[in-house]
>>> print(open('target10.json').read())   # JSON, C-alpha atoms and all ligand atoms
[["chain", "number", "residue", "atom", "x", "y", "z"],
["A", 1, "MET", "CA", 163.48, 224.45, 207.77],
["A", 2, "LYS", "CA", 166.64, 222.69, 206.72],
["A", 3, "GLN", "CA", 166.30, 220.48, 203.69],
["A", 4, "VAL", "CA", 167.94, 217.14, 204.37],
["A", 5, "ILE", "CA", 166.81, 215.01, 201.44],
["A", 6, "ASN", "CA", 166.31, 216.29, 197.91],
["A", 7, "ILE", "CA", 165.44, 214.02, 195.06],
["A", 8, "ASN", "CA", 164.96, 215.53, 191.63],
["A", 9, "HIS", "CA", 163.31, 213.85, 188.65],
["A", 10, "VAL", "CA", 164.39, 210.41, 189.72],
["A", 11, "LYS", "CA", 163.76, 207.49, 187.38],
["A", 12, "LYS", "CA", 164.67, 203.87, 187.93],
["A", 13, "GLN", "CA", 164.78, 201.25, 185.23],
["A", 14, "VAL", "CA", 165.61, 197.59, 185.64],
["A", 15, "SER", "CA", 166.58, 195.11, 182.96],
["A", 16, "ILE", "CA", 164.34, 192.13, 182.51],
["A", 17, "GLY", "CA", 164.37, 189.10, 180.20],
["A", 18, "ASN", "CA", 168.10, 188.57, 179.58],
["A", 19, "HIS", "CA", 168.72, 192.33, 179.74],
["A", 20, "LYS", "CA", 167.00, 192.86, 176.41],
["A", 21, "GLN", "CA", 164.21, 194.94, 177.83],
["A", 22, "ASP", "CA", 164.15, 197.83, 180.28],
["A", 23, "LEU", "CA", 161.27, 198.22, 182.65],
["A", 24, "GLU", "CA", 160.78, 201.62, 184.28],
["A", 25, "ILE", "CA", 159.61, 201.15, 187.88],
["A", 26, "LEU", "CA", 159.98, 204.75, 189.11],
["A", 27, "HIS", "CA", 158.88, 207.60, 186.88],
["A", 28, "ASP", "CA", 160.14, 211.12, 187.50],
["A", 29, "VAL", "CA", 159.82, 211.38, 191.28],
["A", 30, "SER", "CA", 160.82, 214.66, 192.97],
["A", 31, "LEU", "CA", 160.62, 215.21, 196.70],
["A", 32, "THR", "CA", 162.11, 217.19, 199.57],
["A", 33, "VAL", "CA", 162.27, 216.14, 203.21],
["A", 34, "ASN", "CA", 163.33, 218.51, 206.00],
["A", 35, "ALA", "CA", 165.19, 218.04, 209.26],
["A", 36, "GLY", "CA", 162.79, 217.03, 212.01],
["A", 37, "GLU", "CA", 160.28, 215.70, 209.50],
["A", 38, "PHE", "CA", 158.76, 212.21, 209.68],
["A", 39, "LEU", "CA", 157.61, 211.14, 206.22],
["A", 40, "SER", "CA", 155.71, 208.00, 205.34],
["A", 41, "ILE", "CA", 155.51, 206.35, 201.92],
["A", 42, "ILE", "CA", 152.31, 204.44, 201.28],
["A", 43, "GLY", "CA", 150.73, 202.81, 198.24],
["A", 44, "PRO", "CA", 149.54, 199.48, 196.89],
["A", 45, "SER", "CA", 151.80, 196.46, 196.66],
["A", 46, "GLY", "CA", 154.21, 196.79, 193.76],
["A", 47, "ALA", "CA", 153.79, 200.60, 193.56],
["A", 48, "GLY", "CA", 157.56, 201.12, 193.93],
["A", 49, "LYS", "CA", 157.81, 202.08, 197.62],
["A", 50, "SER", "CA", 160.84, 199.92, 198.46],
["A", 51, "THR", "CA", 162.50, 200.86, 195.18],
["A", 52, "LEU", "CA", 162.06, 204.55, 196.00],
["A", 53, "LEU", "CA", 163.46, 204.03, 199.50],
["A", 54, "ASN", "CA", 166.51, 202.22, 198.12],
["A", 55, "VAL", "CA", 167.16, 204.95, 195.55],
["A", 56, "MET", "CA", 166.59, 207.74, 198.10],
["A", 57, "SER", "CA", 168.87, 206.21, 200.68],
["A", 58, "GLY", "CA", 171.92, 205.88, 198.46],
["A", 59, "LEU", "CA", 171.73, 202.09, 198.10],
["A", 60, "SER", "CA", 170.45, 201.87, 194.52],
["A", 61, "ARG", "CA", 171.59, 204.34, 191.88],
["A", 62, "PRO", "CA", 168.79, 206.01, 189.92],
["A", 63, "THR", "CA", 168.83, 205.55, 186.16],
["A", 64, "SER", "CA", 168.47, 209.31, 185.85],
["A", 65, "GLY", "CA", 167.77, 212.24, 188.14],
["A", 66, "GLN", "CA", 169.56, 213.28, 191.28],
["A", 67, "VAL", "CA", 169.62, 212.30, 194.95],
["A", 68, "ILE", "CA", 171.09, 214.72, 197.51],
["A", 69, "LEU", "CA", 171.41, 213.73, 201.17],
["A", 70, "LEU", "CA", 172.69, 216.42, 203.58],
["A", 71, "GLY", "CA", 174.09, 218.34, 200.62],
["A", 72, "THR", "CA", 175.97, 215.30, 199.26],
["A", 73, "ASP", "CA", 175.24, 213.12, 196.24],
["A", 74, "PRO", "CA", 175.91, 209.65, 197.70],
["A", 75, "TYR", "CA", 176.30, 208.18, 194.21],
["A", 76, "HIS", "CA", 179.23, 210.51, 193.53],
["A", 77, "LEU", "CA", 181.26, 209.34, 196.52],
["A", 78, "ARG", "CA", 184.02, 206.75, 196.24],
["A", 79, "ALA", "CA", 183.19, 203.44, 197.91],
["A", 80, "ALA", "CA", 185.10, 204.10, 201.17],
["A", 81, "LYS", "CA", 183.66, 207.60, 201.55],
["A", 82, "ALA", "CA", 180.16, 206.37, 200.73],
["A", 83, "ALA", "CA", 180.49, 203.70, 203.44],
["A", 84, "ALA", "CA", 181.68, 206.26, 206.01],
["A", 85, "PHE", "CA", 178.90, 208.68, 205.03],
["A", 86, "ARG", "CA", 176.28, 205.96, 205.48],
["A", 87, "ARG", "CA", 177.77, 204.80, 208.76],
["A", 88, "ASP", "CA", 178.01, 208.29, 210.29],
["A", 89, "GLN", "CA", 174.86, 209.96, 209.01],
["A", 90, "ILE", "CA", 172.29, 207.40, 207.96],
["A", 91, "GLY", "CA", 170.39, 204.69, 209.76],
["A", 92, "PHE", "CA", 168.72, 201.81, 207.95],
["A", 93, "ILE", "CA", 165.93, 199.69, 209.35],
["A", 94, "PHE", "CA", 165.48, 197.21, 206.52],
["A", 95, "GLN", "CA", 164.35, 193.70, 207.29],
["A", 96, "SER", "CA", 167.16, 192.06, 205.43],
["A", 97, "TYR", "CA", 169.73, 194.79, 205.81],
["A", 98, "ASN", "CA", 173.06, 194.07, 207.28],
["A", 99, "LEU", "CA", 172.55, 192.23, 210.54],
["A", 100, "ILE", "CA", 175.44, 189.85, 211.05],
["A", 101, "PRO", "CA", 173.90, 186.49, 211.98],
["A", 102, "ALA", "CA", 177.10, 185.06, 213.48],
["A", 103, "LEU", "CA", 177.53, 187.93, 215.94],
["A", 104, "PRO", "CA", 175.65, 188.37, 219.23],
["A", 105, "ALA", "CA", 172.75, 190.84, 219.23],
["A", 106, "PHE", "CA", 174.69, 193.28, 221.43],
["A", 107, "ASP", "CA", 177.68, 193.33, 219.07],
["A", 108, "ASN", "CA", 175.40, 193.98, 216.12],
["A", 109, "ILE", "CA", 173.89, 196.96, 217.92],
["A", 110, "VAL", "CA", 177.24, 198.55, 218.78],
["A", 111, "LEU", "CA", 178.99, 197.74, 215.49],
["A", 112, "PRO", "CA", 178.50, 201.22, 213.94],
["A", 113, "LEU", "CA", 179.80, 202.81, 217.16],
["A", 114, "ARG", "CA", 182.86, 200.53, 217.15],
["A", 115, "LEU", "CA", 183.56, 201.26, 213.49],
["A", 116, "ALA", "CA", 183.33, 205.00, 214.18],
["A", 117, "HIS", "CA", 185.56, 204.63, 217.30],
["A", 118, "LYS", "CA", 182.80, 206.02, 219.49],
["A", 119, "LYS", "CA", 182.33, 205.27, 223.16],
["A", 120, "ILE", "CA", 179.97, 202.44, 224.04],
["A", 121, "ASN", "CA", 177.70, 203.03, 226.98],
["A", 122, "ARG", "CA", 176.56, 199.48, 227.91],
["A", 123, "GLU", "CA", 174.09, 200.68, 230.49],
["A", 124, "LYS", "CA", 172.39, 203.02, 228.03],
["A", 125, "ILE", "CA", 172.08, 200.20, 225.49],
["A", 126, "TYR", "CA", 170.61, 197.76, 228.04],
["A", 127, "LYS", "CA", 168.16, 200.48, 229.10],
["A", 128, "LEU", "CA", 167.13, 201.01, 225.48],
["A", 129, "LEU", "CA", 166.67, 197.24, 224.95],
["A", 130, "LYS", "CA", 164.41, 197.18, 227.98],
["A", 131, "GLU", "CA", 162.52, 200.18, 226.67],
["A", 132, "ILE", "CA", 161.78, 198.42, 223.36],
["A", 133, "ASN", "CA", 160.72, 195.19, 225.17],
["A", 134, "PHE", "CA", 163.64, 193.16, 223.85],
["A", 135, "GLU", "CA", 163.20, 189.98, 225.81],
["A", 136, "ALA", "CA", 165.92, 187.76, 224.32],
["A", 137, "ASP", "CA", 169.46, 187.56, 225.68],
["A", 138, "PRO", "CA", 171.64, 190.25, 224.00],
["A", 139, "SER", "CA", 174.56, 187.81, 224.06],
["A", 140, "HIS", "CA", 172.69, 185.39, 221.78],
["A", 141, "PHE", "CA", 173.59, 185.19, 218.12],
["A", 142, "VAL", "CA", 171.23, 187.08, 215.84],
["A", 143, "SER", "CA", 170.65, 183.89, 213.84],
["A", 144, "ALA", "CA", 169.03, 182.33, 216.92],
["A", 145, "LEU", "CA", 166.51, 185.16, 217.38],
["A", 146, "SER", "CA", 162.94, 185.37, 216.12],
["A", 147, "GLY", "CA", 162.08, 187.72, 213.23],
["A", 148, "GLY", "CA", 160.58, 190.27, 215.64],
["A", 149, "GLU", "CA", 163.64, 190.19, 217.90],
["A", 150, "GLN", "CA", 165.96, 190.59, 214.91],
["A", 151, "GLN", "CA", 163.91, 193.60, 213.87],
["A", 152, "LYS", "CA", 164.37, 195.09, 217.34],
["A", 153, "VAL", "CA", 168.15, 194.56, 217.05],
["A", 154, "ALA", "CA", 168.13, 196.50, 213.76],
["A", 155, "ILE", "CA", 166.05, 199.23, 215.38],
["A", 156, "ALA", "CA", 168.25, 199.43, 218.50],
["A", 157, "ARG", "CA", 171.32, 199.73, 216.29],
["A", 158, "VAL", "CA", 169.82, 202.77, 214.58],
["A", 159, "LEU", "CA", 168.56, 204.29, 217.82],
["A", 160, "VAL", "CA", 172.02, 204.26, 219.45],
["A", 161, "ALA", "CA", 173.81, 205.58, 216.36],
["A", 162, "ASN", "CA", 172.47, 209.16, 216.41],
["A", 163, "SER", "CA", 171.82, 209.16, 212.67],
["A", 164, "ARG", "CA", 170.59, 212.36, 211.06],
["A", 165, "ILE", "CA", 168.51, 210.45, 208.53],
["A", 166, "ILE", "CA", 166.71, 207.17, 209.14],
["A", 167, "PHE", "CA", 165.26, 205.05, 206.34],
["A", 168, "ALA", "CA", 162.86, 202.36, 207.47],
["A", 169, "ASP", "CA", 161.10, 199.73, 205.35],
["A", 170, "GLU", "CA", 158.09, 198.36, 207.25],
["A", 171, "PRO", "CA", 160.05, 198.79, 210.50],
["A", 172, "THR", "CA", 157.36, 197.34, 212.70],
["A", 173, "GLY", "CA", 156.15, 194.65, 210.28],
["A", 174, "ALA", "CA", 157.24, 191.66, 212.38],
["A", 175, "LEU", "CA", 156.24, 193.17, 215.72],
["A", 176, "ASP", "CA", 153.28, 192.82, 218.08],
["A", 177, "THR", "CA", 151.00, 195.81, 218.69],
["A", 178, "VAL", "CA", 152.66, 196.95, 221.92],
["A", 179, "SER", "CA", 156.19, 196.80, 220.48],
["A", 180, "ARG", "CA", 154.95, 198.54, 217.34],
["A", 181, "ARG", "CA", 153.65, 201.47, 219.40],
["A", 182, "ILE", "CA", 156.86, 201.72, 221.41],
["A", 183, "ILE", "CA", 159.09, 201.68, 218.32],
["A", 184, "PHE", "CA", 156.93, 204.19, 216.52],
["A", 185, "GLY", "CA", 157.04, 206.42, 219.62],
["A", 186, "LEU", "CA", 160.85, 206.28, 219.66],
["A", 187, "LEU", "CA", 161.09, 207.16, 215.95],
["A", 188, "ARG", "CA", 158.63, 210.01, 216.54],
["A", 189, "LYS", "CA", 160.85, 211.26, 219.39],
["A", 190, "LEU", "CA", 163.95, 211.17, 217.16],
["A", 191, "ALA", "CA", 162.12, 213.25, 214.54],
["A", 192, "ASN", "CA", 161.06, 215.72, 217.21],
["A", 193, "GLN", "CA", 164.73, 215.99, 218.17],
["A", 194, "GLY", "CA", 165.66, 216.90, 214.58],
["A", 195, "ALA", "CA", 166.27, 213.62, 212.75],
["A", 196, "CYS", "CA", 164.69, 213.12, 209.36],
["A", 197, "ILE", "CA", 162.75, 209.86, 209.10],
["A", 198, "VAL", "CA", 161.44, 208.20, 205.94],
["A", 199, "MET", "CA", 159.31, 205.11, 206.46],
["A", 200, "VAL", "CA", 157.58, 202.75, 204.04],
["A", 201, "THR", "CA", 154.47, 201.31, 205.65],
["A", 202, "HIS", "CA", 151.21, 199.52, 204.91],
["A", 203, "ASP", "CA", 149.87, 200.68, 208.27],
["A", 204, "ILE", "CA", 147.53, 203.60, 207.63],
["A", 205, "GLU", "CA", 147.09, 204.45, 211.31],
["A", 206, "MET", "CA", 150.84, 204.73, 211.70],
["A", 207, "ALA", "CA", 151.24, 206.78, 208.51],
["A", 208, "ALA", "CA", 148.53, 209.11, 209.86],
["A", 209, "ALA", "CA", 150.76, 209.84, 212.85],
["A", 210, "THR", "CA", 153.65, 211.06, 210.65],
["A", 211, "ASP", "CA", 154.11, 214.66, 209.46],
["A", 212, "VAL", "CA", 153.76, 214.02, 205.73],
["A", 213, "ALA", "CA", 152.51, 211.01, 203.79],
["A", 214, "ILE", "CA", 153.21, 210.49, 200.11],
["A", 215, "THR", "CA", 151.25, 208.05, 198.00],
["A", 216, "LEU", "CA", 152.88, 206.10, 195.20],
["A", 217, "ARG", "CA", 151.02, 204.33, 192.44],
["A", 218, "ASP", "CA", 152.55, 202.49, 189.50],
["A", 219, "GLY", "CA", 155.92, 204.13, 190.19],
["A", 220, "ARG", "CA", 154.51, 207.66, 190.25],
["A", 221, "LEU", "CA", 154.27, 210.05, 193.16],
["A", 222, "GLU", "CA", 150.55, 210.69, 193.35],
["A", 223, "LYS", "CA", 149.91, 212.85, 196.40],
["A", 224, "ILE", "CA", 151.81, 214.66, 199.13],
["A", 225, "ILE", "CA", 149.55, 214.92, 202.17],
["A", 226, "LYS", "CA", 150.70, 217.10, 205.05],
["A", 227, "LYS", "CA", 149.47, 216.29, 208.56],
["A", 228, "PRO", "CA", 147.50, 213.35, 207.15],
["A", 229, "THR", "CA", 144.51, 211.80, 208.83],
["A", 230, "ALA", "CA", 143.69, 208.09, 208.54],
["A", 231, "THR", "CA", 140.47, 208.93, 206.67],
["A", 232, "GLU", "CA", 142.35, 211.03, 204.11],
["A", 233, "LEU", "CA", 144.87, 208.26, 203.57],
["A", 234, "PHE", "CA", 142.22, 205.56, 203.17],
["A", 235, "GLN", "CA", 140.51, 207.79, 200.63],
["A", 236, "ALA", "CA", 143.71, 208.52, 198.73],
["A", 237, "LEU", "CA", 144.51, 204.81, 198.51],
["A", 238, "SER", "CA", 141.06, 203.74, 197.41],
["A", 239, "GLU", "CA", 140.50, 206.43, 194.76],
["A", 240, "GLU", "CA", 139.91, 205.00, 191.31],
["A", 241, "ARG", "CA", 142.23, 206.25, 188.63],
["A", 242, "VAL", "CA", 140.75, 207.73, 185.48],
["A", 301, "LIG", "N1", 165.11, 194.17, 190.14],
["A", 301, "LIG", "C1", 163.88, 194.14, 189.64],
["A", 301, "LIG", "N2", 163.62, 193.54, 188.46],
["A", 301, "LIG", "C2", 162.38, 193.53, 187.95],
["A", 301, "LIG", "N3", 161.32, 194.10, 188.52],
["A", 301, "LIG", "C3", 161.50, 194.70, 189.70],
["A", 301, "LIG", "C4", 162.78, 194.76, 190.34],
["A", 301, "LIG", "N4", 162.66, 195.43, 191.50],
["A", 301, "LIG", "C5", 161.36, 195.76, 191.60],
["A", 301, "LIG", "N5", 160.67, 195.32, 190.53],
["A", 301, "LIG", "C6", 159.22, 195.54, 190.28],
["A", 301, "LIG", "O1", 158.96, 196.91, 190.45],
["A", 301, "LIG", "C7", 157.71, 197.11, 191.10],
["A", 301, "LIG", "C8", 157.92, 197.89, 192.38],
["A", 301, "LIG", "O2", 158.55, 197.07, 193.37],
["A", 301, "LIG", "P1", 158.70, 197.53, 194.89],
["A", 301, "LIG", "O3", 159.27, 196.37, 195.64],
["A", 301, "LIG", "O4", 159.44, 198.80, 194.93],
["A", 301, "LIG", "O5", 157.19, 197.77, 195.31],
["A", 301, "LIG", "P2", 156.55, 198.05, 196.75],
["A", 301, "LIG", "O6", 155.59, 199.16, 196.58],
["A", 301, "LIG", "O7", 157.62, 198.21, 197.77],
["A", 301, "LIG", "O8", 155.76, 196.69, 197.02],
["A", 301, "LIG", "P3", 155.35, 195.95, 198.40],
["A", 301, "LIG", "O9", 154.38, 196.84, 199.10],
["A", 301, "LIG", "O10", 154.68, 194.70, 197.90],
["A", 301, "LIG", "O11", 156.61, 195.69, 199.16],
["A", 301, "LIG", "C9", 157.13, 195.74, 191.31],
["A", 301, "LIG", "O12", 156.24, 195.47, 190.25],
["A", 301, "LIG", "C10", 158.33, 194.83, 191.26],
["A", 301, "LIG", "O13", 157.97, 193.54, 190.82]]
>>> encode(input="target10.json", output="structure tokens")
Amino acid sequence: MKQVININHVKKQVSIGNHKQDLEILHDVSLTVNAGEFLSIIGPSGAGKSTLLNVMSGLSRPTSGQVILLGTDPYHLRAAKAAAFRRDQIGFIFQSYNLIPALPAFDNIVLPLRLAHKKINREKIYKLLKEINFEADPSHFVSALSGGEQQKVAIARVLVANSRIIFADEPTGALDTVSRRIIFGLLRKLANQGACIVMVTHDIEMAAATDVAITLRDGRLEKIIKKPTATELFQALSEERV
């Protein structure tokens, strides 16, 4: 299997209290994710899940250690190249990431295609919006949409972009049960077609339907569970530490 993400001995420190003190929030995390693999990151609140996702995805430089995406260290690219690499290869479904409020939903969805000078198939995009139960008007500004609809815009943008890696932070958090199932099904399909998907979630049932779940606790990678079941994941999360 082709390795798509490699992170080696990654640590992340942040400065607190007028920069006088460093706090380490990720301790020595190493991990590999393959093409076609759907990986979920679970763990208690404050365990470092979002921090790990940000470091892994090239958005937040680790204090030490190495991140390799598709054979490239995103932190060693110049700004313009890093932006092109992200745009062409990586999809982000982050709640606060990069939707442009003053643009219509449709324009937000096709923005990466426009920037990459790719053809826009309107019909295909409308079909996809229908498929994900997007009920608002795609010509409405993103700022006028509900949280759930905005999340669907972010998801649609990634689904049309053909990204080889997708990073998702609680992608279905603001969605109703039916939409959640549909979106998860579409992500699952992309993984089956060869994309590599990394998702932070608090939803154990959903994590149990991914290929690999990792548990984080206090900034440490605790367990890597292949083909997880919900029972295993509940157990892993409720185990007392010695
Ligand atoms: N920039 C920062 N400065 C100080 N502390 C931070 C910073 N970023 C994160 N932290 C702390 O690091 C820890 C991990 O945060 P992170 O958001 O990664 O956790 P999480 O597992 O995603 O939590 P949740 O499930 O609640 O979203 C938390 O204790 C958080 O308060």
>>> closest_residue(input="target10.json", among="A:Pro104, A:Gly65, A:Pro112, A:Gly58", to="Pro138 of chain A", atoms="all atoms listed in the file")
A:Pro104
>>> atom_distance(input="target10.json", atom1="atom CA of Ala79 of chain A", atom2="atom CA of Val153 of chain A")
25.9 Å
>>> atom_distance(input="target10.json", atom1="atom CA of Thr177 of chain A", atom2="atom CA of Asn54 of chain A")
26.5 Å
>>> closest_residue(input="target10.json", among="A:Phe141, A:Ile93, A:Pro101, A:Leu23", to="Ile155 of chain A", atoms="only C-alpha atoms")
A:Ile93
>>> closest_residue(input="target10.json", among="A:Ile165, A:Ile68, A:Leu77, A:Ala154", to="Phe106 of chain A", atoms="all atoms listed in the file")
A:Ala154
>>> residues_around(input="target10.json", residues="Ile166 of chain A", least_positions_apart="2", cutoff="12 Å", atoms="all atoms listed in the file", output="JSON, numbers by chain")
{"A": [4, 5, 33, 35, 36, 37, 38, 39, 40, 53, 56, 57, 58, 69, 86, 87, 88, 89, 90, 91, 92, 93, 94, 154, 155, 157, 158, 159, 160, 161, 162, 163, 164, 168, 169, 171, 187, 188, 190, 191, 194, 195, 196, 197, 198, 199, 200]}
>>> write_last_selection(input="target10.json", atoms="C-alpha atoms", output="CSV table (one decimal), in the coordinates of the input")
chain,number,residue,atom,x,y,z
A,4,VAL,CA,167.9,217.1,204.4
A,5,ILE,CA,166.8,215.0,201.4
A,33,VAL,CA,162.3,216.1,203.2
A,35,ALA,CA,165.2,218.0,209.3
A,36,GLY,CA,162.8,217.0,212.0
A,37,GLU,CA,160.3,215.7,209.5
A,38,PHE,CA,158.8,212.2,209.7
A,39,LEU,CA,157.6,211.1,206.2
A,40,SER,CA,155.7,208.0,205.3
A,53,LEU,CA,163.5,204.0,199.5
A,56,MET,CA,166.6,207.7,198.1
A,57,SER,CA,168.9,206.2,200.7
A,58,GLY,CA,171.9,205.9,198.5
A,69,LEU,CA,171.4,213.7,201.2
A,86,ARG,CA,176.3,206.0,205.5
A,87,ARG,CA,177.8,204.8,208.8
A,88,ASP,CA,178.0,208.3,210.3
A,89,GLN,CA,174.9,210.0,209.0
A,90,ILE,CA,172.3,207.4,208.0
A,91,GLY,CA,170.4,204.7,209.8
A,92,PHE,CA,168.7,201.8,208.0
A,93,ILE,CA,165.9,199.7,209.4
A,94,PHE,CA,165.5,197.2,206.5
A,154,ALA,CA,168.1,196.5,213.8
A,155,ILE,CA,166.0,199.2,215.4
A,157,ARG,CA,171.3,199.7,216.3
A,158,VAL,CA,169.8,202.8,214.6
A,159,LEU,CA,168.6,204.3,217.8
A,160,VAL,CA,172.0,204.3,219.4
A,161,ALA,CA,173.8,205.6,216.4
A,162,ASN,CA,172.5,209.2,216.4
A,163,SER,CA,171.8,209.2,212.7
A,164,ARG,CA,170.6,212.4,211.1
A,168,ALA,CA,162.9,202.4,207.5
A,169,ASP,CA,161.1,199.7,205.4
A,171,PRO,CA,160.0,198.8,210.5
A,187,LEU,CA,161.1,207.2,216.0
A,188,ARG,CA,158.6,210.0,216.5
A,190,LEU,CA,164.0,211.2,217.2
A,191,ALA,CA,162.1,213.2,214.5
A,194,GLY,CA,165.7,216.9,214.6
A,195,ALA,CA,166.3,213.6,212.8
A,196,CYS,CA,164.7,213.1,209.4
A,197,ILE,CA,162.8,209.9,209.1
A,198,VAL,CA,161.4,208.2,205.9
A,199,MET,CA,159.3,205.1,206.5
A,200,VAL,CA,157.6,202.8,204.0
>>> residues_near_ligand(input="target10.json", ligand="ligand LIG 301 (chain A)", cutoff="8 Å", atoms="all atoms listed in the file", output="PDB file with C-alpha atoms, in the frame of the given file")
ATOM      1  CA  VAL A  14     165.610 197.590 185.640  1.00  0.00           C
ATOM      2  CA  SER A  15     166.580 195.110 182.960  1.00  0.00           C
ATOM      3  CA  ILE A  16     164.340 192.130 182.510  1.00  0.00           C
ATOM      4  CA  LEU A  23     161.270 198.220 182.650  1.00  0.00           C
ATOM      5  CA  GLU A  24     160.780 201.620 184.280  1.00  0.00           C
ATOM      6  CA  ILE A  25     159.610 201.150 187.880  1.00  0.00           C
ATOM      7  CA  LEU A  26     159.980 204.750 189.110  1.00  0.00           C
ATOM      8  CA  ILE A  42     152.310 204.440 201.280  1.00  0.00           C
ATOM      9  CA  GLY A  43     150.730 202.810 198.240  1.00  0.00           C
ATOM     10  CA  PRO A  44     149.540 199.480 196.890  1.00  0.00           C
ATOM     11  CA  SER A  45     151.800 196.460 196.660  1.00  0.00           C
ATOM     12  CA  GLY A  46     154.210 196.790 193.760  1.00  0.00           C
ATOM     13  CA  ALA A  47     153.790 200.600 193.560  1.00  0.00           C
ATOM     14  CA  GLY A  48     157.560 201.120 193.930  1.00  0.00           C
ATOM     15  CA  LYS A  49     157.810 202.080 197.620  1.00  0.00           C
ATOM     16  CA  SER A  50     160.840 199.920 198.460  1.00  0.00           C
ATOM     17  CA  THR A  51     162.500 200.860 195.180  1.00  0.00           C
ATOM     18  CA  LEU A  52     162.060 204.550 196.000  1.00  0.00           C
ATOM     19  CA  VAL A 200     157.580 202.750 204.040  1.00  0.00           C
ATOM     20  CA  THR A 201     154.470 201.310 205.650  1.00  0.00           C
ATOM     21  CA  HIS A 202     151.210 199.520 204.910  1.00  0.00           C
ATOM     22  CA  LEU A 216     152.880 206.100 195.200  1.00  0.00           C
ATOM     23  CA  ASP A 218     152.550 202.490 189.500  1.00  0.00           C
ATOM     24  CA  GLY A 219     155.920 204.130 190.190  1.00  0.00           C
TER      25      GLY A 219
END
>>> atom_distance(input="target10.json", atom1="atom CA of Lys227 of chain A", atom2="atom CA of Asn34 of chain A")
14.3 Å
>>> residues_around(input="target10.json", residues="Gly148 of chain A", least_positions_apart="5", cutoff="12 Å", atoms="only C-alpha atoms", output="JSON, numbers by chain")
{"A": [95, 132, 133, 134, 135, 136, 142, 153, 154, 155, 170, 171, 172, 173, 174, 175, 176, 177, 179, 180, 183]}
>>> closest_residue(input="target10.json", among="A:Ile100, A:Leu221, A:Thr63, A:Leu129", to="Glu149 of chain A", atoms="only C-alpha atoms")
A:Leu129
>>> closest_residue(input="target10.json", among="A:Ser64, A:Asp107, A:Leu59, A:Leu31", to="Phe85 of chain A", atoms="only C-alpha atoms")
A:Leu59
>>> closest_residue(input="target10.json", among="A:Val10, A:Ile41, A:Val67, A:Val110", to="Asp211 of chain A", atoms="only C-alpha atoms")
A:Ile41
>>> build_atoms(input="target10.json", residues="segment 196-207 of chain A", atoms="N, CA and C atoms", output="compact mmCIF listing (two decimals), in the coordinates of the input")
# COMPACT_ATOMS: atom_id res chain seq x y z
N CYS A 196 165.61 213.16 210.49
CA CYS A 196 164.69 213.12 209.36
C CYS A 196 164.38 211.63 209.14
N ILE A 197 163.10 211.28 209.16
CA ILE A 197 162.75 209.86 209.10
C ILE A 197 161.85 209.58 207.90
N VAL A 198 162.23 208.58 207.11
CA VAL A 198 161.44 208.20 205.94
C VAL A 198 161.07 206.73 206.12
N MET A 199 159.77 206.46 206.14
CA MET A 199 159.31 205.11 206.46
C MET A 199 158.29 204.60 205.42
N VAL A 200 158.57 203.42 204.89
CA VAL A 200 157.58 202.75 204.04
C VAL A 200 156.67 201.95 204.96
N THR A 201 155.37 202.09 204.79
CA THR A 201 154.47 201.31 205.65
C THR A 201 153.16 200.99 204.94
N HIS A 202 152.56 199.86 205.36
CA HIS A 202 151.21 199.52 204.91
C HIS A 202 150.21 199.89 205.99
N ASP A 203 150.72 200.41 207.11
CA ASP A 203 149.87 200.68 208.27
C ASP A 203 149.36 202.13 208.22
N ILE A 204 148.10 202.27 207.83
CA ILE A 204 147.53 203.60 207.63
C ILE A 204 147.48 204.41 208.92
N GLU A 205 147.16 203.73 210.02
CA GLU A 205 147.09 204.45 211.31
C GLU A 205 148.46 205.04 211.65
N MET A 206 149.48 204.25 211.39
CA MET A 206 150.84 204.73 211.70
C MET A 206 151.23 205.88 210.76
N ALA A 207 150.92 205.71 209.47
CA ALA A 207 151.24 206.78 208.51
C ALA A 207 150.51 208.07 208.90
